[in-house]
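Dropping upload.pdb in here (PDB, C-alpha atoms):
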ATOM      1  CA  MET C   1      15.500  -7.014  28.287
ATOM      2  CA  SER C   2      14.296  -7.105  31.861
ATOM      3  CA  GLU C   3      13.472 -10.802  31.976
ATOM      4  CA  LYS C   4      15.874 -13.673  32.025
ATOM      5  CA  PRO C   5      17.137 -14.162  28.473
ATOM      6  CA  ASN C   6      16.157 -17.304  26.633
ATOM      7  CA  SER C   7      18.797 -19.951  26.579
ATOM      8  CA  ALA C   8      19.517 -23.018  24.514
ATOM      9  CA  THR C   9      21.537 -25.775  26.136
ATOM     10  CA  ALA C  10      22.968 -28.739  24.291
ATOM     11  CA  THR C  11      23.006 -32.053  26.161
ATOM     12  CA  LYS C  12      23.546 -35.653  25.124
ATOM     13  CA  ASN C  13      19.838 -36.034  24.433
ATOM     14  CA  GLY C  14      19.596 -32.996  22.188
ATOM     15  CA  ILE C  15      19.023 -29.293  22.459
ATOM     16  CA  THR C  16      16.674 -27.938  25.077
ATOM     17  CA  ILE C  17      15.330 -24.425  24.617
ATOM     18  CA  THR C  18      13.843 -22.789  27.647
ATOM     19  CA  THR C  19      11.053 -20.372  26.892
ATOM     20  CA  THR C  20       9.736 -17.512  28.942
ATOM     21  CA  ALA C  21       6.118 -16.601  29.564
ATOM     22  CA  GLU C  22       6.639 -13.663  27.212
ATOM     23  CA  ASP C  23       7.649 -16.051  24.405
ATOM     24  CA  HIS C  24       4.378 -17.926  24.810
ATOM     25  CA  LEU C  25       2.372 -14.724  24.840
ATOM     26  CA  ILE C  26       4.066 -13.505  21.656
ATOM     27  CA  ALA C  27       3.576 -16.876  19.965
ATOM     28  CA  TRP C  28      -0.148 -16.934  20.826
ATOM     29  CA  LEU C  29      -0.762 -13.425  19.590
ATOM     30  CA  ALA C  30       1.392 -13.865  16.479
ATOM     31  CA  ALA C  31      -0.531 -17.045  15.623
ATOM     32  CA  LEU C  32      -3.770 -15.085  15.846
ATOM     33  CA  ALA C  33      -2.388 -12.320  13.622
ATOM     34  CA  ILE C  34      -1.029 -14.856  11.114
ATOM     35  CA  ALA C  35      -4.426 -16.577  10.893
ATOM     36  CA  ILE C  36      -6.116 -13.262  10.122
ATOM     37  CA  HIS C  37      -3.338 -12.351   7.654
ATOM     38  CA  ILE C  38      -3.831 -15.604   5.722
ATOM     39  CA  ILE C  39      -7.633 -15.454   5.712
ATOM     40  CA  GLU C  40      -7.383 -11.917   4.369
ATOM     41  CA  SER C  41      -4.966 -12.875   1.613
ATOM     42  CA  VAL C  42      -7.727 -15.020   0.108
ATOM     43  CA  LEU C  43     -10.172 -12.102  -0.125
ATOM     44  CA  PRO C  44     -10.458 -10.532  -3.573
ATOM     45  CA  SER C  45      -9.245  -6.947  -3.809
ATOM     46  CA  PRO C  46     -10.547  -4.194  -6.098
ATOM     47  CA  LEU C  47      -7.081  -2.594  -6.345
ATOM     48  CA  PRO C  48      -3.625  -3.985  -5.643
ATOM     49  CA  GLY C  49      -2.604  -2.793  -2.187
ATOM     50  CA  VAL C  50      -6.130  -2.414  -0.869
ATOM     51  CA  LYS C  51      -6.838  -4.830   1.963
ATOM     52  CA  PRO C  52      -8.863  -4.385   5.144
ATOM     53  CA  GLY C  53      -5.674  -4.969   7.156
ATOM     54  CA  LEU C  54      -7.473  -6.612  10.042
ATOM     55  CA  ALA C  55      -4.247  -8.198  11.267
ATOM     56  CA  ASN C  56      -3.386  -4.661  12.343
ATOM     57  CA  VAL C  57      -6.140  -5.048  14.959
ATOM     58  CA  ILE C  58      -3.951  -7.563  16.776
ATOM     59  CA  THR C  59      -0.834  -5.387  16.500
ATOM     60  CA  ILE C  60      -2.612  -2.371  17.974
ATOM     61  CA  ALA C  61      -4.313  -4.366  20.734
ATOM     62  CA  VAL C  62      -0.924  -5.884  21.635
ATOM     63  CA  PHE C  63       0.648  -2.425  21.604
ATOM     64  CA  ILE C  64      -1.972  -1.077  23.999
ATOM     65  CA  LEU C  65      -1.937  -4.107  26.310
ATOM     66  CA  TYR C  66       1.732  -5.144  26.294
ATOM     67  CA  GLY C  67       3.733  -2.302  24.770
ATOM     68  CA  TRP C  68       5.698  -1.502  21.646
ATOM     69  CA  ARG C  69       8.345  -4.219  21.921
ATOM     70  CA  THR C  70       5.800  -7.039  21.968
ATOM     71  CA  ALA C  71       3.927  -5.381  19.098
ATOM     72  CA  VAL C  72       7.132  -5.406  17.016
ATOM     73  CA  TRP C  73       7.575  -9.128  17.647
ATOM     74  CA  VAL C  74       3.984  -9.976  16.784
ATOM     75  CA  SER C  75       3.952  -7.794  13.677
ATOM     76  CA  MET C  76       7.276  -9.033  12.302
ATOM     77  CA  LEU C  77       6.415 -12.676  12.987
ATOM     78  CA  ARG C  78       3.100 -12.194  11.227
ATOM     79  CA  VAL C  79       4.752 -10.784   8.092
ATOM     80  CA  LEU C  80       7.466 -13.440   8.057
ATOM     81  CA  VAL C  81       5.426 -16.550   8.888
ATOM     82  CA  GLY C  82       2.379 -15.328   6.964
ATOM     83  CA  SER C  83       4.442 -14.908   3.794
ATOM     84  CA  ILE C  84       6.114 -18.303   4.188
ATOM     85  CA  LEU C  85       2.719 -19.993   4.596
ATOM     86  CA  ILE C  86       1.138 -18.166   1.639
ATOM     87  CA  GLY C  87       4.270 -18.701  -0.439
ATOM     88  CA  THR C  88       5.135 -15.069  -1.089
ATOM     89  CA  PHE C  89       8.296 -14.935   1.029
ATOM     90  CA  LEU C  90      10.828 -12.486  -0.522
ATOM     91  CA  SER C  91       8.438 -11.766  -3.415
ATOM     92  CA  PRO C  92       7.231  -8.209  -4.166
ATOM     93  CA  THR C  93       4.127  -8.915  -2.060
ATOM     94  CA  PHE C  94       6.356  -9.704   0.882
ATOM     95  CA  MET C  95       8.484  -6.576   0.342
ATOM     96  CA  LEU C  96       5.348  -4.416   0.343
ATOM     97  CA  SER C  97       3.924  -6.139   3.395
ATOM     98  CA  PHE C  98       7.247  -5.875   5.222
ATOM     99  CA  SER C  99       7.862  -2.211   4.421
ATOM    100  CA  GLY C 100       4.295  -1.371   5.402
ATOM    101  CA  ALA C 101       4.718  -3.160   8.726
ATOM    102  CA  VAL C 102       8.036  -1.396   9.408
ATOM    103  CA  ALA C 103       6.517   2.016   8.596
ATOM    104  CA  SER C 104       3.571   1.435  10.904
ATOM    105  CA  LEU C 105       5.842   0.205  13.723
ATOM    106  CA  ILE C 106       7.941   3.380  13.410
ATOM    107  CA  VAL C 107       4.798   5.508  13.647
ATOM    108  CA  LEU C 108       3.641   3.384  16.576
ATOM    109  CA  TRP C 109       6.935   4.056  18.362
ATOM    110  CA  LEU C 110       6.506   7.798  17.789
ATOM    111  CA  ALA C 111       2.933   7.532  19.116
ATOM    112  CA  SER C 112       4.204   5.823  22.269
ATOM    113  CA  ARG C 113       6.371   8.903  22.911
ATOM    114  CA  LEU C 114       3.394  11.278  22.811
ATOM    115  CA  PRO C 115       2.886  13.270  26.015
ATOM    116  CA  GLY C 116      -0.385  13.182  27.966
ATOM    117  CA  GLU C 117      -2.982  10.487  27.398
ATOM    118  CA  GLY C 118      -1.732   9.979  23.840
ATOM    119  CA  LEU C 119      -3.668   8.215  21.137
ATOM    120  CA  GLY C 120      -6.536   5.802  21.700
ATOM    121  CA  PRO C 121      -7.277   2.684  19.636
ATOM    122  CA  ILE C 122      -8.964   4.589  16.792
ATOM    123  CA  GLY C 123      -6.177   7.134  16.402
ATOM    124  CA  LEU C 124      -3.512   4.429  16.606
ATOM    125  CA  CYS C 125      -5.209   2.262  13.991
ATOM    126  CA  LEU C 126      -5.751   5.244  11.725
ATOM    127  CA  ILE C 127      -2.158   6.504  11.769
ATOM    128  CA  THR C 128      -0.660   3.020  11.453
ATOM    129  CA  ALA C 129      -2.969   2.163   8.542
ATOM    130  CA  MET C 130      -1.868   5.361   6.801
ATOM    131  CA  ALA C 131       1.790   4.737   7.596
ATOM    132  CA  HIS C 132       1.445   1.181   6.298
ATOM    133  CA  MET C 133      -0.003   2.496   3.049
ATOM    134  CA  PHE C 134       2.696   5.146   2.627
ATOM    135  CA  GLY C 135       5.406   2.602   3.399
ATOM    136  CA  GLN C 136       4.237   0.096   0.857
ATOM    137  CA  PHE C 137       3.398   2.757  -1.699
ATOM    138  CA  TYR C 138       6.917   4.214  -1.655
ATOM    139  CA  THR C 139       8.446   0.747  -1.756
ATOM    140  CA  ALA C 140       6.302  -0.032  -4.797
ATOM    141  CA  TYR C 141       7.335   3.272  -6.372
ATOM    142  CA  LEU C 142      11.042   2.922  -5.643
ATOM    143  CA  LEU C 143      11.479  -0.784  -6.360
ATOM    144  CA  PHE C 144       8.796  -1.945  -8.751
ATOM    145  CA  ILE C 145       6.991   0.804 -10.679
ATOM    146  CA  PRO C 146       9.131   3.975 -10.779
ATOM    147  CA  HIS C 147       6.555   5.827 -12.863
ATOM    148  CA  ASP C 148       4.866   9.050 -11.792
ATOM    149  CA  GLY C 149       1.544   7.618 -12.947
ATOM    150  CA  LEU C 150       1.550   5.509  -9.781
ATOM    151  CA  PHE C 151       0.833   8.642  -7.752
ATOM    152  CA  LYS C 152      -2.618   8.801  -9.371
ATOM    153  CA  LEU C 153      -3.477   5.780  -7.249
ATOM    154  CA  LEU C 154      -2.309   7.345  -3.990
ATOM    155  CA  PRO C 155      -5.515   9.279  -3.169
ATOM    156  CA  LEU C 156      -7.646   6.149  -3.658
ATOM    157  CA  LEU C 157      -5.255   3.986  -1.668
ATOM    158  CA  MET C 158      -5.102   6.508   1.183
ATOM    159  CA  THR C 159      -8.897   6.772   1.250
ATOM    160  CA  ALA C 160      -9.060   2.999   1.670
ATOM    161  CA  ALA C 161      -6.381   3.171   4.390
ATOM    162  CA  VAL C 162      -8.279   5.860   6.313
ATOM    163  CA  VAL C 163     -11.614   4.022   6.073
ATOM    164  CA  PHE C 164     -10.192   0.624   7.055
ATOM    165  CA  GLY C 165      -7.980   2.229   9.723
ATOM    166  CA  ILE C 166     -10.999   3.749  11.461
ATOM    167  CA  ILE C 167     -12.967   0.496  11.146
ATOM    168  CA  SER C 168     -10.170  -1.558  12.705
ATOM    169  CA  GLY C 169      -9.829   1.123  15.395
ATOM    170  CA  ILE C 170     -13.477   0.612  16.300
ATOM    171  CA  ILE C 171     -12.886  -3.153  16.385
ATOM    172  CA  VAL C 172      -9.878  -2.725  18.708
ATOM    173  CA  ARG C 173     -11.842  -0.439  21.003
ATOM    174  CA  SER C 174     -14.747  -2.853  21.383
ATOM    175  CA  MET C 175     -12.286  -5.745  21.771
ATOM    176  CA  LEU C 176     -10.496  -3.961  24.621
ATOM    177  CA  LEU C 177     -13.784  -3.073  26.314
ATOM    178  CA  HIS C 178     -14.789  -6.719  26.049
ATOM    179  CA  LEU C 179     -11.477  -7.869  27.515
ATOM    180  CA  GLU C 180     -11.830  -5.347  30.324
ATOM    181  CA  LYS C 181     -15.272  -6.748  31.188
ATOM    182  CA  ARG C 182     -13.891 -10.285  31.261
ATOM    183  CA  LYS C 183     -10.959  -9.189  33.370
ATOM    184  CA  ASN C 184     -13.393  -7.887  35.955
ATOM    185  CA  ASN C 185     -15.299 -11.171  35.944
ATOM    186  CA  THR C 186     -12.268 -13.421  36.257
ATOM    187  CA  THR C 187      -9.239 -12.340  38.200
ATOM    188  CA  ALA C 188      -6.683 -13.900  35.883
ATOM    189  CA  SER C 189      -6.559 -11.812  32.744
ATOM    190  CA  ALA C 190      -4.368 -14.342  30.975
ATOM    191  CA  THR C 191      -7.007 -17.075  31.088
ATOM    192  CA  ALA C 192      -9.666 -14.609  29.945
ATOM    193  CA  GLN C 193      -7.597 -13.876  26.933
ATOM    194  CA  ARG C 194      -7.007 -17.493  26.123
ATOM    195  CA  ASN C 195     -10.764 -18.082  26.225
ATOM    196  CA  GLU C 196     -11.178 -15.143  23.898
ATOM    197  CA  GLN C 197      -8.831 -16.691  21.402
ATOM    198  CA  GLU C 198     -10.453 -20.107  21.561
ATOM    199  CA  GLU C 199     -13.915 -18.780  20.804
TER     200      GLU C 199
ATOM    201  CA  MET J  29     -11.619   9.106  21.825
ATOM    202  CA  THR J  30      -8.770  11.202  23.198
ATOM    203  CA  ARG J  31      -7.802  14.656  21.975
ATOM    204  CA  ALA J  32      -4.923  13.153  20.003
ATOM    205  CA  ASP J  33      -7.430  10.820  18.315
ATOM    206  CA  TYR J  34      -9.452  13.790  17.090
ATOM    207  CA  CYS J  35      -6.216  15.361  15.807
ATOM    208  CA  ALA J  36      -5.382  12.159  13.909
ATOM    209  CA  VAL J  37      -8.846  11.997  12.334
ATOM    210  CA  LEU J  38      -8.663  15.699  11.453
ATOM    211  CA  PHE J  39      -5.227  15.190   9.906
ATOM    212  CA  ALA J  40      -6.547  12.288   7.806
ATOM    213  CA  THR J  41      -9.623  14.201   6.619
ATOM    214  CA  LEU J  42      -7.445  17.154   5.596
ATOM    215  CA  LEU J  43      -4.813  14.969   3.938
ATOM    216  CA  LEU J  44      -7.270  13.166   1.661
ATOM    217  CA  PRO J  45      -8.661  16.231  -0.189
ATOM    218  CA  TYR J  46      -5.095  17.533  -0.470
ATOM    219  CA  LEU J  47      -4.003  14.277  -2.113
ATOM    220  CA  TYR J  48      -6.935  14.260  -4.524
ATOM    221  CA  ILE J  49      -6.309  17.870  -5.560
ATOM    222  CA  ASN J  50      -2.555  17.457  -5.723
ATOM    223  CA  GLN J  51      -2.442  14.182  -7.615
ATOM    224  CA  TRP J  52      -5.476  14.379  -9.853
ATOM    225  CA  THR J  53      -5.104  17.890 -11.242
ATOM    226  CA  GLY J  54      -2.336  19.983 -12.746
ATOM    227  CA  ASP J  55      -0.429  17.415 -14.753
ATOM    228  CA  GLU J  56       2.729  18.380 -16.513
ATOM    229  CA  ALA J  57       1.816  19.528 -20.019
ATOM    230  CA  GLY J  58       3.392  17.593 -22.844
ATOM    231  CA  ILE J  59       6.179  19.328 -24.758
ATOM    232  CA  SER J  60       6.755  16.912 -27.568
ATOM    233  CA  ALA J  61       5.526  13.555 -28.785
ATOM    234  CA  ALA J  62       7.421  10.455 -29.792
ATOM    235  CA  ILE J  63       5.789   8.791 -32.776
ATOM    236  CA  MET J  64       6.835   5.200 -33.285
ATOM    237  CA  ASN J  65       6.263   3.677 -36.712
ATOM    238  CA  GLY J  66       7.405   0.074 -36.587
ATOM    239  CA  SER J  67      10.854   0.252 -35.044
ATOM    240  CA  GLU J  68      11.461   3.821 -36.196
ATOM    241  CA  THR J  69      10.910   6.670 -33.699
ATOM    242  CA  THR J  70      10.517  10.327 -34.545
ATOM    243  CA  GLU J  71      10.108  13.083 -32.003
ATOM    244  CA  ILE J  72       7.875  15.996 -32.873
ATOM    245  CA  SER J  73       7.115  19.223 -31.017
ATOM    246  CA  LEU J  74       3.531  19.914 -29.920
ATOM    247  CA  ALA J  75       4.022  23.681 -30.293
ATOM    248  CA  HIS J  76       2.828  23.920 -33.899
ATOM    249  CA  ASP J  77      -0.580  22.802 -35.141
ATOM    250  CA  HIS J  78      -0.521  20.458 -38.072
ATOM    251  CA  THR J  79      -1.671  17.101 -39.395
ATOM    252  CA  LEU J  80       0.619  14.176 -40.076
ATOM    253  CA  GLU J  81       0.044  11.286 -42.417
ATOM    254  CA  ILE J  82       2.048   8.226 -41.479
ATOM    255  CA  ASN J  83       2.272   5.077 -43.549
ATOM    256  CA  GLY J  84       2.230   2.054 -41.285
ATOM    257  CA  ALA J  85       1.975  -1.685 -41.784
ATOM    258  CA  LEU J  86      -1.690  -1.571 -42.928
ATOM    259  CA  GLY J  87      -2.057   1.868 -44.453
ATOM    260  CA  THR J  88      -2.072   5.537 -43.597
ATOM    261  CA  SER J  89      -2.801   6.787 -40.086
ATOM    262  CA  ILE J  90      -3.659  10.438 -39.677
ATOM    263  CA  ILE J  91      -2.391  12.148 -36.537
ATOM    264  CA  LYS J  92      -3.369  15.683 -35.630
ATOM    265  CA  ILE J  93      -1.543  18.173 -33.407
ATOM    266  CA  GLU J  94      -3.543  21.119 -32.069
ATOM    267  CA  ASP J  95      -3.112  23.476 -29.077
ATOM    268  CA  GLY J  96      -0.314  21.362 -27.618
ATOM    269  CA  LYS J  97      -2.416  18.202 -27.869
ATOM    270  CA  ILE J  98      -2.107  15.229 -30.167
ATOM    271  CA  ARG J  99      -4.519  12.531 -31.309
ATOM    272  CA  PHE J 100      -5.217   9.860 -33.878
ATOM    273  CA  VAL J 101      -7.838  11.099 -36.344
ATOM    274  CA  ALA J 102      -7.984   8.144 -38.680
ATOM    275  CA  SER J 103      -6.362   4.751 -38.892
ATOM    276  CA  PRO J 104      -6.963   1.739 -41.132
ATOM    277  CA  CYS J 105      -7.472  -0.646 -38.201
ATOM    278  CA  LEU J 106     -10.640  -2.490 -37.110
ATOM    279  CA  GLY J 107     -10.892  -1.636 -33.414
ATOM    280  CA  LYS J 108     -10.116   2.103 -33.656
ATOM    281  CA  GLN J 109      -8.718   1.963 -30.108
ATOM    282  CA  CYS J 110      -6.169   4.599 -31.060
ATOM    283  CA  ILE J 111      -8.872   7.060 -32.124
ATOM    284  CA  HIS J 112     -10.945   6.344 -29.007
ATOM    285  CA  SER J 113      -7.928   7.251 -26.883
ATOM    286  CA  GLY J 114      -8.779  10.848 -27.775
ATOM    287  CA  TRP J 115      -6.599  13.870 -27.201
ATOM    288  CA  LEU J 116      -3.317  13.302 -25.393
ATOM    289  CA  GLU J 117      -1.876  16.338 -23.647
ATOM    290  CA  HIS J 118      -0.086  15.314 -20.456
ATOM    291  CA  ALA J 119       3.410  13.908 -20.269
ATOM    292  CA  GLY J 120       3.259  10.126 -20.075
ATOM    293  CA  GLU J 121      -0.013   9.729 -22.008
ATOM    294  CA  PHE J 122       0.042   7.166 -24.738
ATOM    295  CA  ALA J 123      -2.041   5.898 -27.651
ATOM    296  CA  ALA J 124      -1.232   3.091 -30.039
ATOM    297  CA  CYS J 125      -2.624   1.538 -33.185
ATOM    298  CA  LEU J 126      -1.187  -1.938 -32.871
ATOM    299  CA  PRO J 127      -2.484  -3.330 -36.196
ATOM    300  CA  ASN J 128      -0.839  -0.430 -38.033
ATOM    301  CA  ARG J 129       2.253  -0.589 -35.757
ATOM    302  CA  ILE J 130       2.068   3.107 -34.910
ATOM    303  CA  SER J 131       2.127   4.585 -31.436
ATOM    304  CA  VAL J 132       2.207   8.067 -29.965
ATOM    305  CA  ALA J 133       3.677   8.913 -26.563
ATOM    306  CA  VAL J 134       3.592  12.409 -25.085
ATOM    307  CA  LEU J 135       6.883  13.458 -23.541
ATOM    308  CA  GLY J 136       7.462  15.973 -20.773
ATOM    309  CA  GLU J 137      10.630  17.689 -19.674
ATOM    310  CA  GLU J 138      12.087  14.656 -18.024
ATOM    311  CA  PRO J 139      11.605  11.293 -19.734
ATOM    312  CA  ARG J 140      10.854   8.482 -17.300
ATOM    313  CA  PHE J 141      10.662   4.722 -17.408
ATOM    314  CA  ASP J 142       7.336   3.113 -18.226
ATOM    315  CA  SER J 143       8.055   0.299 -15.833
ATOM    316  CA  ILE J 144      10.831  -1.976 -14.715
ATOM    317  CA  ASN J 145      10.558  -5.738 -14.541
ATOM    318  CA  PHE J 146      12.787  -8.118 -12.693
TER     319      PHE J 146
END
Structure rendered as structure tokens:
Amino acid sequence: MSEKPNSATATKNGITITTTAEDHLIAWLAALAIAIHIIESVLPSPLPGVKPGLANVITIAVFILYGWRTAVWVSMLRVLVGSILIGTFLSPTFMLSFSGAVASLIVLWLASRLPGEGLGPIGLCLITAMAHMFGQFYTAYLLFIPHDGLFKLLPLLMTAAVVFGIISGIIVRSMLLHLEKRKNNTTASATAQRNEQEE
Amino acid sequence: MTRADYCAVLFATLLLPYLYINQWTGDEAGISAAIMNGSETTEISLAHDHTLEINGALGTSIIKIEDGKIRFVASPCLGKQCIHSGWLEHAGEFAACLPNRISVAVLGEEPRFDSINF
């Protein structure tokens, strides 16, 4: 960690936790991802495991703007807090969500090691959506339904992952272009982003 | 879109047909069938064609084995779900006549769990 580590000091009046600017950034972005995660959990799904996965939009945007480490924080906080708020913490739903998030973060790390210009928003969203699907599919297979019949669902699930991955990639790309435009208008990019979130 | 993006999209579009072909065709052929009558299970090979008459809770169900496939032909139930299940030939396929308490499950080389609950 390059920045000053967070510290908690106990005094007579209680415990004071000092936070860094990075903590605030992560909290803001995680809150946004959690909101999307919860709204999505209400949507009906034609097949278990098929979800648009729009919270991934935030993870990928964070990865592009602030790097892998921040993306890990935002993604893990989303899974954890999202599940606690929905009430699925430590349930099979949570396990699937968690394993999917871990798989996509691993792929994201590999993508960050690519030489040259690497992957853009669409490629990143596509491979993480597919990794997410594979991660949760194998967790479902290993932990919950160890029956070969489950593999019949894999083509359909992967088709959904590819379609939604590309759609969220397009969303990320237009979001970044929008942010770029705002950044040029106002010098402080941080305030531009806060406005974006408040809209 | 960068070059790596095109590679990712190409990879995805190649992977999908592969998955459909790989997962939706070429199932393991059934070798034998487990016929459950009440709590009693008998295993029967699918290699020889013949017709079985099994007396269940309601009456006689007729089960036919032909060309490595098995099906319900007649059953004294109302819904006839078992007959509508048609021919079963792949390992893991299953048909049951619940009113008559008779079920047929096709077995492959390696028996697997149906599912596990916690």
Test item: which residues lie within 12 Å of (-11.9, 1.2, 14.3) counting all atoms listed in the file, as a PyMOL selection string: (chain C and resi 52-54+56-57+60-61+120-129+161-176) or (chain J and resi 29+33+37)
Residues of chain J within 6 Å of chain C, counting all atoms listed in the file, as a ChimeraX atom specification: /J:32-33,36,47-48,51,143
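Between atom CA of J:Val132 and atom CA of J:Ile63 the separation is 4.6 Å.
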Residues near C:Leu96, cut-off 7 Å, all atoms listed in the file, skip fewer than 3 positions along chain, as a list in words: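 Close residues of C:Leu96: Pro92, Thr93, Ser99, Gly100, Gln136, Thr139 and Ala140 of chain C.
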Non-local contacts of J:His76 (10 Å; only C-alpha atoms; under 2 positions in same chain excluded) as a list in words: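 Result of the neighbour search: Ile72, Ser73, Leu74, His78, Thr79, Ile93, Glu94, Asp95, Gly96 and Lys97 of chain J.
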Closest of J:Lys108, J:Val134, J:Ser103, J:Ile82 to J:Ala57 - atom-to-atom distances counting only C-alpha atoms: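 Among the listed residues, J:Val134 lies closest to J:Ala57.
Atom CA of J:Cys35 lies 28.4 Å from atom CA of C:Lys181.
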Contacts of stretch 84-91 of chain C at 10 Å (all atoms listed in the file; same-chain gap of 6+ positions) as a PyMOL selection string: chain C and resi 34+37-38+41-42+78+97-98
Between atom CA of C:Ile36 and atom CA of C:Pro48 - distance in Å to one decimal: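 Taking atom CA of C:Pro48 as the start and atom CA of C:Ile36 as the end point, the length is 18.5 Å.
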Hits of the PyMOL selection byres ((chain J and resi 84) around 12) in this structure, as a PyMOL selection string: chain J and resi 63-68+81-83+85-90+103-105+124-131
Reference answer for the PyMOL selection byres ((chain J and resi 116) around 9), as JSON, numbers by chain: {"J": [58, 96, 97, 98, 99, 113, 114, 115, 117, 118, 119, 121, 122, 123, 132, 133, 134]}
Residue rebuild result stretch 29-47 of chain J, N, CA and C atoms as a CSV table (one decimal), keeping the file's coordinate frame:
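Generated file (part-v3.csv):
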chain,number,residue,atom,x,y,z
J,29,MET,N,-12.6,8.5,22.7
J,29,MET,CA,-11.6,9.1,21.8
J,29,MET,C,-10.9,10.2,22.6
J,30,THR,N,-9.6,10.2,22.5
J,30,THR,CA,-8.8,11.2,23.2
J,30,THR,C,-8.6,12.4,22.3
J,31,ARG,N,-8.0,13.5,22.8
J,31,ARG,CA,-7.8,14.7,22.0
J,31,ARG,C,-6.9,14.3,20.8
J,32,ALA,N,-5.9,13.5,21.1
J,32,ALA,CA,-4.9,13.2,20.0
J,32,ALA,C,-5.6,12.4,18.9
J,33,ASP,N,-6.6,11.6,19.3
J,33,ASP,CA,-7.4,10.8,18.3
J,33,ASP,C,-8.1,11.8,17.4
J,34,TYR,N,-8.8,12.8,17.9
J,34,TYR,CA,-9.5,13.8,17.1
J,34,TYR,C,-8.5,14.5,16.1
J,35,CYS,N,-7.2,14.7,16.7
J,35,CYS,CA,-6.2,15.4,15.8
J,35,CYS,C,-5.9,14.4,14.7
J,36,ALA,N,-5.7,13.1,14.9
J,36,ALA,CA,-5.4,12.2,13.9
J,36,ALA,C,-6.5,12.1,12.8
J,37,VAL,N,-7.7,12.1,13.3
J,37,VAL,CA,-8.8,12.0,12.3
J,37,VAL,C,-8.9,13.3,11.5
J,38,LEU,N,-8.7,14.4,12.2
J,38,LEU,CA,-8.7,15.7,11.5
J,38,LEU,C,-7.6,15.7,10.4
J,39,PHE,N,-6.4,15.2,10.8
J,39,PHE,CA,-5.2,15.2,9.9
J,39,PHE,C,-5.6,14.3,8.7
J,40,ALA,N,-6.2,13.2,8.9
J,40,ALA,CA,-6.5,12.3,7.8
J,40,ALA,C,-7.6,12.9,6.9
J,41,THR,N,-8.6,13.6,7.5
J,41,THR,CA,-9.6,14.2,6.6
J,41,THR,C,-9.1,15.4,5.9
J,42,LEU,N,-8.0,16.1,6.4
J,42,LEU,CA,-7.4,17.2,5.6
J,42,LEU,C,-6.5,16.6,4.5
J,43,LEU,N,-5.8,15.5,4.9
J,43,LEU,CA,-4.8,15.0,3.9
J,43,LEU,C,-5.5,14.4,2.7
J,44,LEU,N,-6.6,13.8,2.8
J,44,LEU,CA,-7.3,13.2,1.7
J,44,LEU,C,-7.6,14.2,0.6
J,45,PRO,N,-8.4,15.3,0.9
J,45,PRO,CA,-8.7,16.2,-0.2
J,45,PRO,C,-7.4,16.8,-0.8
J,46,TYR,N,-6.4,17.0,0.0
J,46,TYR,CA,-5.1,17.5,-0.5
J,46,TYR,C,-4.5,16.6,-1.5
J,47,LEU,N,-4.5,15.3,-1.2
J,47,LEU,CA,-4.0,14.3,-2.1
J,47,LEU,C,-4.8,14.3,-3.4
